Amino acid sequence: MKKSGMILILTILLFWSGPKPAECQVTAPTSKDPVDYVNPLIGTDSKFSLSNGNTYPAIALPWGMNFWTPQTAPMGDGWQYAYDADKIRGFKQTHQPSPWMNDYGNFSLMPVTGELKINEEERASWFSHKAEAANPHYYSVYLAEYDVTTELTVTERAARFRFTFPENDQSYVIIDAFDQGSYVKVIPEENKIIGYSTRNSGGVPENFRNYFAVEFDKPFSSYSVWEKDELKENQVELTSEHSGVAVRFKTNKGEVVNARVASSFISHEQANLNLKEIGSDDFETVKTKGREIWNRELGRMIPEGGTLAETEIFYSALYRTLLFPRKFYEFDSERNIVHYSPYNGKVLPGYMFTDNGFWDTFRAVFPFFNLMYPSLNEKIQAGLVNTYKESGFLPEWASPGHRSVMIGNNSATLVADAYLKGLRGYDIETLYEAVLHGTKNVHPEVEATGRLGHEYYNELGYVPYDVGINENAARTLEYAFADWTIWKLAKELDRPKKEIKLFEKRSQNYRKLFDPETNLMRGKNEDGSFQTPFNPLKWGDAFTEGNSWHYTWSVFHDTQGLINLMGGEETFITMLDSVFAMPPDFDDTYYGFPIHEIREMQIVNMGQYAHGNQPIQHMIYLYNYAGQPWKAQYWLREVMDRLYTPDPDGYCGDEDNGQTSAWYVFSSMGFYPVTPGSNQYVLGTPLFPKMTVHLENGNKVILSAPESSSQNRYIDEMHINGQAWDKNYVRYSDLMEGAFIEFQMTDAPNKSRGTTKDAYPYSFTKP
């Protein structure tokens, strides 16, 4: 038989065998728009004891001032939407960056029919995911208790609701301004409700309010204000600990009641201005515009040839990467940029961004912005200038003002990396002053801001274990890396030589904690002795949400120096291998119970590798610094294939403001920013057979790896713009000029490529 005939028969038999499973289906790049691949419900199957993302469906525009989400949990519960819940209590405007940080300025809308139920538990309605649609820009759900379909779509500071009611003389929409002090007022002649919420979880001045306005397109049949669970008759206005409004309509079957909602941290007048983001646009127009905005941003990265699951994971991760930090600024009546300061309570000109923990996002999110969104990061840097002027410190965790959580001085890394990548147009001199201030001060009320223990660190070169400062070894390691970035920035700004040398020297302070007996980082006492007893598997204590096996690799800027301390590449590789070879044992005595990060490491069957938390996420890439890049390629593909899924349990730990998502986005391209502040990204393994990246400057990066698959995860050869490339990194500067990068992938490791020292990525200490 001719070969062509055999191929035809085999092709027919393939189709006769039935459809492939979803995870094996290859996507056609033109079959859907990028936004159609996003699943905002990924990561929502989470709880206090175990995070599969700790996300909620954020219905928002990229970096929007306000998000909206269905609320399944009680008011004040950080796990505000849980996938396994079966009732919805309301549709909530949220500013929550994480369940651990909780929310602020929140309020909700909820339709009900029949008997008026105000209490959130009593008014809650059964719902099903089968009658739920969640997209980045649009959400819809059927509320079975009331035969009402609720839809919402958004702008950056406003939203449109569409309630489809049954025939009923008692169709209500409840506006709940929440507790901790709130205000509502009915303006019936305008079909309008105004109010404010003061609910917060900290980090706000005394005059903090989120002012809101809700306008309906149908006159009220009646209305009532209420306090807690009690209706207040013959009142149109109420200030109380917990205020709300119920407005009633008479509706026909299938009648749609529309509402326009906006808010402001400045005033009711400004909230009305923010309604102009909607203007006269109807629901479908706002929805279409939101879809177009997401498609524009997501469409700057086009993966091709992957499975349906991989494409869904990629675009969902990209969506999460583009949510935070939040735009905490508004446009006044003359279109000037203004913001309410969450630091001093004043209304001031200029940019302000918030809801970000730099301990997480300095690693990959902000490096991603420097590659893909430099103009955005220039605005963020300008906002950091304002934060310093208004509070005296750069933020480390802002939500919306300074919050006392996590460790490190990673704002310095953000400032340095942005400027070293060529970002301009903001006051770098003031930012550098702020960076220096943070190296020798700590916020008087918020110990996570500035450098806790700076007196010890600046004198001894480390934060001692025995002086009452928790997580001291982790602080030392992160301060040392921040000092390296300051050294780089100081040189770029032509600062005094003495100052430059100071930070160059301090960048080597990590060495003071290296214990040659164990080849691990270890807490050190003030007298120079190491902590005893020492259990490398002990979480917390000298470290932050991890143990010594996780934090030993936090020498982002000097991997060769760490290799030398361990005695050479062979030992270094053995130590890296050991992370995966060891059982997932742990010591939780510092916390008194297994925190969720411990469980997330324990259950994924990857030894001590704890990808669900940030400190170790760069570790796999370190094989490139010791002549065995194929091991990085193996393990990176394992992580991408095993620890990310397109399902509600799709993460292996906290998603954390886009960081765990940005890891996936970078890694799927085939490289990662191990050392923010350098000009390099360290090679991994490309996930997709092809990816086209559209840079902001108009150039394109095309990543071609046609044989890439779970089996063909190893790089055999590599070319950049047609020239053979044997390095274990790619350069930022080359990418920004546009690049065509070709990977020849195989199913067996090439143990000769990338093994020479001139192929190794940047390290302060030369190989």
# chains A, B, ... in the order shown; residues from 1 in each chain; ligands from 1
>>> residues_around(residues="stretch 180-186 of chain A", least_positions_apart="2", cutoff="6 Å", atoms="only C-alpha atoms", output="MDAnalysis selection string")
chainID A and resid 177 188 193:199 236:243
>>> select_by_dssp(residues="stretch 259-505 of chain A", states="helix (DSSP H, G or I)", output="PyMOL selection string")
chain A and resi 268-277+283-298+308-321+358-361+365-372+374-391+411-420+428-439+454-460+472-492+497-505
>>> write_last_selection(atoms="C-alpha atoms", output="short mmCIF file (atom, residue, chain, number, x, y, z; two decimals), in the first residue's frame")
data_model
loop_
_atom_site.label_atom_id
_atom_site.label_comp_id
_atom_site.auth_asym_id
_atom_site.auth_seq_id
_atom_site.Cartn_x
_atom_site.Cartn_y
_atom_site.Cartn_z
CA HIS A 268 -19.08 61.56 47.43
CA GLU A 269 -18.52 64.19 44.74
CA GLN A 270 -15.52 62.24 43.50
CA ALA A 271 -17.55 59.00 43.54
CA ASN A 272 -20.05 60.71 41.22
CA LEU A 273 -17.16 61.75 38.97
CA ASN A 274 -15.97 58.15 38.90
CA LEU A 275 -19.41 57.12 37.63
CA LYS A 276 -18.45 58.93 34.44
CA GLU A 277 -16.17 56.00 33.63
CA PHE A 283 -24.25 46.93 30.29
CA GLU A 284 -23.18 45.20 27.11
CA THR A 285 -21.00 48.14 26.07
CA VAL A 286 -19.17 48.19 29.41
CA LYS A 287 -18.77 44.43 29.19
CA THR A 288 -17.41 44.62 25.65
CA LYS A 289 -14.95 47.37 26.58
CA GLY A 290 -13.73 45.36 29.55
CA ARG A 291 -13.26 42.33 27.37
CA GLU A 292 -11.30 44.39 24.85
CA ILE A 293 -9.02 45.76 27.57
CA TRP A 294 -8.23 42.30 28.90
CA ASN A 295 -7.70 40.93 25.41
CA ARG A 296 -5.31 43.76 24.64
CA GLU A 297 -3.20 43.12 27.73
CA LEU A 298 -3.36 39.31 27.70
CA LEU A 308 -5.80 23.33 26.39
CA ALA A 309 -4.94 22.98 30.08
CA GLU A 310 -1.53 24.64 29.64
CA THR A 311 -3.07 27.54 27.75
CA GLU A 312 -5.75 28.01 30.41
CA ILE A 313 -3.16 27.91 33.18
CA PHE A 314 -0.94 30.38 31.34
CA TYR A 315 -3.59 33.00 30.67
CA SER A 316 -5.11 32.59 34.12
CA ALA A 317 -1.66 33.12 35.64
CA LEU A 318 -1.12 36.16 33.42
CA TYR A 319 -4.50 37.56 34.57
CA ARG A 320 -3.41 37.20 38.19
CA THR A 321 -0.05 38.84 37.42
CA PHE A 358 7.21 43.23 48.11
CA TRP A 359 8.54 40.19 49.98
CA ASP A 360 6.57 38.21 47.41
CA THR A 361 6.56 40.35 44.29
CA VAL A 365 6.13 40.36 39.32
CA PHE A 366 8.08 43.60 39.18
CA PRO A 367 10.77 42.13 36.91
CA PHE A 368 7.87 41.15 34.64
CA PHE A 369 6.60 44.73 34.64
CA ASN A 370 10.09 45.97 33.72
CA LEU A 371 10.04 43.66 30.73
CA MET A 372 6.43 43.99 29.63
CA PRO A 374 7.86 49.63 31.90
CA SER A 375 5.54 52.65 31.55
CA LEU A 376 3.30 51.21 34.28
CA ASN A 377 6.25 50.66 36.57
CA GLU A 378 7.39 54.24 36.00
CA LYS A 379 4.04 55.33 37.44
CA ILE A 380 4.46 52.89 40.33
CA GLN A 381 7.90 54.36 41.04
CA ALA A 382 6.36 57.84 41.04
CA GLY A 383 3.82 56.52 43.53
CA LEU A 384 6.66 55.24 45.72
CA VAL A 385 8.09 58.77 45.77
CA ASN A 386 4.74 59.99 47.12
CA THR A 387 4.62 57.20 49.71
CA TYR A 388 8.02 58.27 51.04
CA LYS A 389 7.05 61.94 51.13
CA GLU A 390 3.79 61.19 52.92
CA SER A 391 5.01 58.60 55.43
CA SER A 411 11.50 48.10 48.22
CA ALA A 412 15.17 48.82 47.57
CA THR A 413 15.25 46.01 45.01
CA LEU A 414 12.16 47.37 43.23
CA VAL A 415 13.68 50.85 42.99
CA ALA A 416 17.07 49.62 41.83
CA ASP A 417 15.85 47.08 39.29
CA ALA A 418 13.52 49.58 37.62
CA TYR A 419 16.19 52.25 37.22
CA LEU A 420 18.87 49.78 36.14
CA ILE A 428 15.05 58.90 41.35
CA GLU A 429 17.02 61.17 43.69
CA THR A 430 14.20 61.18 46.23
CA LEU A 431 13.77 57.44 45.81
CA TYR A 432 17.47 56.87 46.44
CA GLU A 433 17.22 59.03 49.56
CA ALA A 434 14.29 56.85 50.63
CA VAL A 435 16.30 53.70 49.98
CA LEU A 436 19.20 54.94 52.11
CA HIS A 437 16.78 55.98 54.87
CA GLY A 438 15.37 52.47 54.95
CA THR A 439 18.80 50.92 55.57
CA HIS A 454 19.38 47.54 61.35
CA GLU A 455 21.56 48.56 64.30
CA TYR A 456 22.91 45.02 64.63
CA TYR A 457 23.09 44.42 60.91
CA ASN A 458 25.02 47.59 60.17
CA GLU A 459 27.51 46.91 62.98
CA LEU A 460 27.87 43.13 63.00
CA ASN A 472 16.70 37.08 61.96
CA ALA A 473 18.56 34.90 59.47
CA ALA A 474 15.96 35.56 56.79
CA ARG A 475 16.24 39.29 57.45
CA THR A 476 20.01 39.16 57.12
CA LEU A 477 19.89 37.33 53.80
CA GLU A 478 17.31 39.67 52.32
CA TYR A 479 19.08 42.78 53.58
CA ALA A 480 22.31 41.55 51.96
CA PHE A 481 20.61 41.13 48.59
CA ALA A 482 18.96 44.54 48.92
CA ASP A 483 22.40 45.97 49.65
CA TRP A 484 23.72 44.45 46.43
CA THR A 485 20.96 46.19 44.46
CA ILE A 486 21.72 49.46 46.29
CA TRP A 487 25.39 49.02 45.35
CA LYS A 488 24.40 48.63 41.72
CA LEU A 489 22.11 51.66 41.86
CA ALA A 490 24.68 53.77 43.70
CA LYS A 491 27.21 53.09 40.93
CA GLU A 492 24.64 54.00 38.28
CA LYS A 497 32.95 55.99 46.34
CA LYS A 498 32.82 55.42 50.09
CA GLU A 499 29.05 54.89 49.90
CA ILE A 500 29.40 52.55 46.95
CA LYS A 501 32.04 50.48 48.74
CA LEU A 502 29.88 50.27 51.87
CA PHE A 503 27.02 48.56 50.07
CA GLU A 504 29.35 46.38 48.05
CA LYS A 505 30.80 45.12 51.33
#
>>> residues_around(residues="A:Met301", least_positions_apart="4", cutoff="7 Å", atoms="only C-alpha atoms", output="list in words")
Met691, Thr692, Val693 and His694 of chain A
>>> write_last_selection(atoms="N, CA, C and O atoms", output="mmCIF file, in the first residue's frame")
data_model
loop_
_atom_site.group_PDB
_atom_site.id
_atom_site.type_symbol
_atom_site.label_atom_id
_atom_site.label_comp_id
_atom_site.auth_asym_id
_atom_site.auth_seq_id
_atom_site.Cartn_x
_atom_site.Cartn_y
_atom_site.Cartn_z
ATOM 1 N N MET A 691 5.913 30.869 21.340
ATOM 2 C CA MET A 691 5.305 31.987 22.036
ATOM 3 C C MET A 691 5.787 33.278 21.398
ATOM 4 O O MET A 691 6.980 33.435 21.124
ATOM 5 N N THR A 692 4.850 34.175 21.163
ATOM 6 C CA THR A 692 5.166 35.496 20.633
ATOM 7 C C THR A 692 4.863 36.523 21.711
ATOM 8 O O THR A 692 3.749 36.565 22.244
ATOM 9 N N VAL A 693 5.863 37.326 22.026
ATOM 10 C CA VAL A 693 5.759 38.321 23.082
ATOM 11 C C VAL A 693 5.879 39.705 22.454
ATOM 12 O O VAL A 693 6.896 40.021 21.829
ATOM 13 N N HIS A 694 4.836 40.499 22.611
ATOM 14 C CA HIS A 694 4.818 41.847 22.056
ATOM 15 C C HIS A 694 5.234 42.832 23.146
ATOM 16 O O HIS A 694 4.500 43.052 24.111
#
>>> select_by_dssp(residues="stretch 285-456 of chain A", states="strand (DSSP E)", output="ChimeraX atom specification")
/A:301-304,326-327,330-331,337-340,347-349,353-354,356-357,397-398
>>> atom_distance(atom1="atom CA of A:Ala246", atom2="atom CA of A:Tyr223")
5.6 Å
>>> residues_around(residues="A:Ala159", least_positions_apart="5", cutoff="9 Å", atoms="only C-alpha atoms", output="ChimeraX atom specification")
/A:66,68,152-154,259-262,275,277-278,286
>>> write_last_selection(atoms="N, CA and C atoms", output="compact mmCIF listing (two decimals), in the first residue's frame")
# COMPACT_ATOMS: atom_id res chain seq x y z
N ASN A 66 -10.91 49.28 42.06
CA ASN A 66 -11.92 48.46 42.73
C ASN A 66 -12.05 47.12 42.03
N TRP A 68 -14.58 43.49 42.19
CA TRP A 68 -15.85 42.96 42.68
C TRP A 68 -15.77 41.44 42.74
N LEU A 152 -22.61 41.30 36.61
CA LEU A 152 -21.86 42.53 36.86
C LEU A 152 -20.68 42.60 35.91
N THR A 153 -20.33 43.84 35.55
CA THR A 153 -19.17 44.10 34.71
C THR A 153 -18.57 45.42 35.16
N VAL A 154 -17.33 45.71 34.81
CA VAL A 154 -16.58 46.71 35.55
C VAL A 154 -15.79 47.67 34.67
N ALA A 259 -28.14 48.81 37.57
CA ALA A 259 -27.55 49.70 38.57
C ALA A 259 -26.14 50.08 38.13
N ARG A 260 -25.82 51.35 38.32
CA ARG A 260 -24.46 51.84 38.11
C ARG A 260 -23.86 52.14 39.48
N VAL A 261 -22.65 51.68 39.71
CA VAL A 261 -22.02 51.81 41.02
C VAL A 261 -20.60 52.36 40.83
N ALA A 262 -20.24 53.31 41.68
CA ALA A 262 -18.86 53.80 41.69
C ALA A 262 -18.50 54.18 43.11
N LEU A 275 -18.33 57.73 38.41
CA LEU A 275 -19.41 57.12 37.63
C LEU A 275 -19.30 57.44 36.15
N GLU A 277 -16.88 57.06 34.35
CA GLU A 277 -16.17 56.00 33.63
C GLU A 277 -17.16 55.15 32.84
N ILE A 278 -18.37 55.05 33.35
CA ILE A 278 -19.43 54.33 32.62
C ILE A 278 -20.13 55.26 31.65
N VAL A 286 -20.20 48.26 28.37
CA VAL A 286 -19.17 48.19 29.41
C VAL A 286 -18.50 46.82 29.39
>>> closest_residue(among="A:Ser708, A:Thr559, A:Ser678, A:Ser128", to="A:Leu143", atoms="only C-alpha atoms")
A:Ser128
>>> residues_around(residues="A:Phe107", least_positions_apart="4", cutoff="6 Å", atoms="only C-alpha atoms", output="count of residues only")
5
>>> residues_around(residues="stretch 631-642 of chain A", least_positions_apart="5", cutoff="9 Å", atoms="only C-alpha atoms", output="count of residues only")
23
>>> residues_around(residues="A:Leu322", least_positions_apart="6", cutoff="8 Å", atoms="only C-alpha atoms", output="JSON, numbers by chain")
{"A": [62, 63, 658]}
>>> closest_residue(among="A:Arg522, A:His402, A:Arg157, A:Arg248", to="A:Asn344", atoms="only C-alpha atoms")
A:His402
>>> closest_residue(among="A:Glu742, A:Asp527, A:Asp515, A:Asp585", to="A:Gly722", atoms="only C-alpha atoms")
A:Glu742
>>> closest_residue(among="A:Tyr729, A:Ala124, A:His137, A:His129", to="A:Val38", atoms="only C-alpha atoms")
A:His137
>>> closest_residue(among="A:Trp725, A:Leu562, A:Phe688, A:Thr755", to="A:Gln628", atoms="only C-alpha atoms")
A:Thr755
